[in-house]
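All remarks here apply to the structure that follows.
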Protein chains: 2
Amino acid sequence: MIEDKNQEKTALSSLGEFGLIDHLTKQFTDKNSSTIKGIGDDAAILDFKNKSVVLTTDLLVEGVHFDLSYMPLKHLGYKAVMVNLSDVYAMNANATQITVSIAVSNRFSLEALEAFYEGIHKAAEVYGVDVVGGDTTSSTTGLMISVTALGEVDLETVVKRSGAKANDLLVVSGDLGGAYLGLQVLEREKEVFKVNPNNQPDLDGYTYIIERQLKPEARKDIVKLLKDLEVVPTSMIDVSDGLSSEIIHLCKQSEVGCDLYEDKIPLDPQVISTCEEFNMDSTTVALNGGEDYELLMTISQEDFPKIKANPNLTVIGYMTDSSTGMNLVTRGETKIPITAQGWNAMSSDSES
Amino acid sequence: MIEDKNQEKTALSSLGEFGLIDHLTKQFTDKNSSTIKGIGDDAAILDFKNKSVVLTTDLLVEGVHFDLSYMPLKHLGYKAVMVNLSDVYAMNANATQITVSIAVSNRFSLEALEAFYEGIHKAAEVYGVDVVGGDTTSSTTGLMISVTALGEVDLETVVKRSGAKANDLLVVSGDLGGAYLGLQVLEREKEVFKVNPNNQPDLDGYTYIIERQLKPEARKDIVKLLKDLEVVPTSMIDVSDGLSSEIIHLCKQSEVGCDLYEDKIPLDPQVISTCEEFNMDSTTVALNGGEDYELLMTISQEDFPKIKANPNLTVIGYMTDSSTGMNLVTRGETKIPITAQGWNAMSSDSES
């Protein structure tokens, strides 16, 4: 978990102005037919032919979005890509290109950046996207990462946040709350380590939730699954800030209400047991935890037979007329209004 | 020149998580037909139909790329867009969309960010680009800006760095060295102000070069001019790091050499007089100054009649066989090899 500080390190300045980006990106090869020319000119050249394009960007800041004391740089590179691809998949699109820009202080060595780009490269390989550009510059403090992702889509099947109708089913992929709890475990181990640096962290019972935090996966597979099932959701969003926040986005932009059933929210057994250990309410964690990068969507009732047997998709409620508001139906069958808390208020993103 | 610190300021935290980006971007309206949906979903939706796309991104870091003690935030917003559009125009493309992401520390007020976005908005208006996304987050120190720009182009007329041939003419738009000298004047005034804060800066004789530094313009007009003249350059790059660095890029990627004539380098009279005042060599300033955001291109000899009468374009040399290398032919008719110095070595960008 803790970085080995005793290796030989290469100073970034030893590579010179243009050597660094060449060195870091030489392993990248383009695979998508829409990539005509990637890295190496004033701009990348892309040709999407008869497809439309989706475009999204995210900024990750050290000390705000990640803590390098428990986040290995390779994982950070991987996660920085996932955060963006998740937004592309939330449009029901196929991710095709990314650009990666970083600002680094001279406290980082070449080997550190190599590890970061190894994670970028791995993500690009696994998800089939081309790294077509970026910018590498120095910063006065810390590490800052800006990733932009592009995807291709048909305008007939692109899914916005705004298409949900009353009576549509509210459906989520995977399970929720794990990434947030993984962070709690890592924060706790960090405090333990501060007190006793010789203490080896015991993370055996937390492997799933820690992986959810350190190495999330964007749900490319769900976009493919929906295509195979011939289901086009009426609206979709990725779960980056917590279920409640995303439900509110869908409801507001679609001008509908929602009944969310507490007992339907999918939770991994490790989430339940860790919630007990931390004395946290698992519903609160799922609602406000964030960083799960699952897809939350609404589906027309007539598509229910196509999805009902699928273990990747869980129906957690249904949309209502906007006049009935957004409600959580508790296990005790009480209705309480859903409010947005997010996981980190202003220190989280306000993304457009 | 110096910010008025006595105004009422609004804390960023008073706007809440999603209020900030809404507030800052509400003035933006989409104008390009390729923008199907801009800000407000997981990703923007774009449709370029039969056009190809160019994509570029740049990162600007406080204390590395700009100094807020003499750079007004509105100008900074404008310049951040220019830096990126310049790369789009260097592909002979038409800029259409940008995304703008910023990380800000809580030392910035809402009014400061409004001024920054006013500059973004102005640039978008003047250059006809749509702001279709971005991310706003907090930083632990300072301001950091990441802009991504997209443009549309026909693959038949896209211009890369790699198409120059021996005997092609080397041509540059506008004049060179002004932005760097403007920076020198501003840095000098900053030092004067530190010693005597009541001293009013006298910048009368430097208006052109200071504007080149604080409010550069990307050469959209040159792309239009080339189209009107029916000239497609054989290679092109924007002058962001200084003429010598850009010539080396064109030569290396085109596998040619170059003879650059010192007496042909276009210099504004204010550049010449300020060089004398600062005891600097104007050729060195033009070669290594950077941030001029002019377009450097190579043009086939047969296109010479089309450009020769044009005051916006200056022939400064010609391309040679790669075996003869890259040379500056001095006023004294001595040939000296061109070397890259850039304007700021590692603290400048190494862009891909």
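Identifiers for the structure tokens are assigned positionally: chains receive A, B, ... in sequence, residues are indexed from 1 per chain, and ligands are indexed from 1 in the order shown.
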Report the residues of region 141-335 of chain A whose backbone DSSP state falls under alpha helix (DSSP H), written as a ChimeraX atom specification. /A:178-195,207-214,220-228,243-254,269-278,282-288,304-307
Using DSSP on the backbone coordinates, identify all residues within region 66-169 of chain A classified as strand (DSSP E); present the result as a PyMOL selection string. chain A and resi 94-104+130-138+143-153+169
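The coordinates place CA of Ser105 (chain B) at 15.2 Å from CA of Ser146 (chain B).
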Could you list, as number ranges by chain, every residue within 10 Å of Thr157 (chain B), counting only C-alpha atoms and ignoring same-chain residues fewer than 2 positions away? B: 91-93, 153-155, 159-160, 227, 231-234
Selected residues, C-alpha atoms, written as a PDB file, in the first residue's frame, please.
ATOM      1  CA  MET B  91      -4.490  22.440 -38.856  1.00  0.00           C
ATOM      2  CA  ASN B  92      -6.262  24.708 -41.393  1.00  0.00           C
ATOM      3  CA  ALA B  93      -9.508  23.845 -39.593  1.00  0.00           C
ATOM      4  CA  VAL B 153     -12.032  20.261 -41.438  1.00  0.00           C
ATOM      5  CA  ASP B 154     -12.074  18.403 -44.740  1.00  0.00           C
ATOM      6  CA  LEU B 155      -9.447  15.674 -44.914  1.00  0.00           C
ATOM      7  CA  VAL B 159      -2.598  20.657 -42.961  1.00  0.00           C
ATOM      8  CA  LYS B 160      -0.132  18.715 -40.814  1.00  0.00           C
ATOM      9  CA  LYS B 227      -9.106  29.616 -48.393  1.00  0.00           C
ATOM     10  CA  VAL B 231      -3.798  28.159 -51.107  1.00  0.00           C
ATOM     11  CA  VAL B 232      -3.432  24.952 -49.088  1.00  0.00           C
ATOM     12  CA  PRO B 233      -0.095  25.108 -47.233  1.00  0.00           C
ATOM     13  CA  THR B 234       2.030  21.978 -47.475  1.00  0.00           C
TER      14      THR B 234
END
What lies within 8 Å of region 265-274 of chain B using only C-alpha atoms, ignoring chain neighbours under 3 positions off, as a PyMOL selection string? chain B and resi 174-178+181+205-206+208-209+261-262+277-278+282-283+286+314+316
Please, could you write that set of residues out with C-alpha atoms as a JSON list (two decimals), in the first residue's frame?
[["chain", "number", "residue", "atom", "x", "y", "z"],
["B", 174, "GLY", "CA", 1.89, 38.83, -38.71],
["B", 175, "ASP", "CA", 5.05, 39.72, -36.82],
["B", 176, "LEU", "CA", 7.12, 38.04, -34.14],
["B", 177, "GLY", "CA", 8.66, 38.70, -30.74],
["B", 178, "GLY", "CA", 6.03, 41.12, -29.44],
["B", 181, "LEU", "CA", 8.81, 41.68, -25.05],
["B", 205, "GLY", "CA", 4.99, 53.30, -25.58],
["B", 206, "TYR", "CA", 4.32, 49.58, -25.18],
["B", 208, "TYR", "CA", 1.12, 46.88, -28.95],
["B", 209, "ILE", "CA", 3.56, 44.47, -27.31],
["B", 261, "TYR", "CA", 16.68, 34.74, -43.71],
["B", 262, "GLU", "CA", 17.30, 36.97, -40.70],
["B", 277, "GLU", "CA", 15.85, 49.70, -24.75],
["B", 278, "PHE", "CA", 16.24, 46.26, -23.14],
["B", 282, "SER", "CA", 15.54, 41.32, -31.97],
["B", 283, "THR", "CA", 16.35, 38.19, -33.99],
["B", 286, "ALA", "CA", 11.78, 36.47, -32.56],
["B", 314, "THR", "CA", 5.78, 37.22, -45.14],
["B", 316, "ILE", "CA", 11.04, 34.33, -44.54]]
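Nearest-residue note for chain A: choosing from B:Leu143, B:Leu113, B:Ile338, B:Met82, the minimum distance belongs to B:Leu143, counting only C-alpha atoms.
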Can you pull out the residues contacting Ile39 (chain B)? Cut-off 12 Å, using only C-alpha atoms, and skip same-chain residues under 4 positions away; I want them as a ChimeraX atom specification. /A:54-57,160-161,350-352 /B:21-22,24-30,35,43-46,97-100,130-135
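Of the residues listed (B:Phe108, B:Phe48, B:Phe304, B:Phe116), B:Phe48 shows the shortest atom-to-atom separation from chain A; distances use only C-alpha atoms.
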Nearest-residue call for chain A, choices B:Val285, B:Met236, B:Ile299, B:Ile120, using only C-alpha atoms: B:Met236
Tell me which of A:His121, A:Lys31, A:Lys335, A:Lys49 sits closest to chain B, counting only C-alpha atoms. A:Lys49
Using only C-alpha atoms, which residue out of B:Ile248, B:Leu60, B:Leu229, B:Ala124 lies closest to Asn327 (chain B)? B:Ile248
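You will find CA of Val172 (chain B) at 6.6 Å from CA of Val315 (chain B).
Nearest to chain A of all the residues B:Ile102, B:Ala80, B:Leu186, B:Cys275 is B:Ile102, counting only C-alpha atoms.
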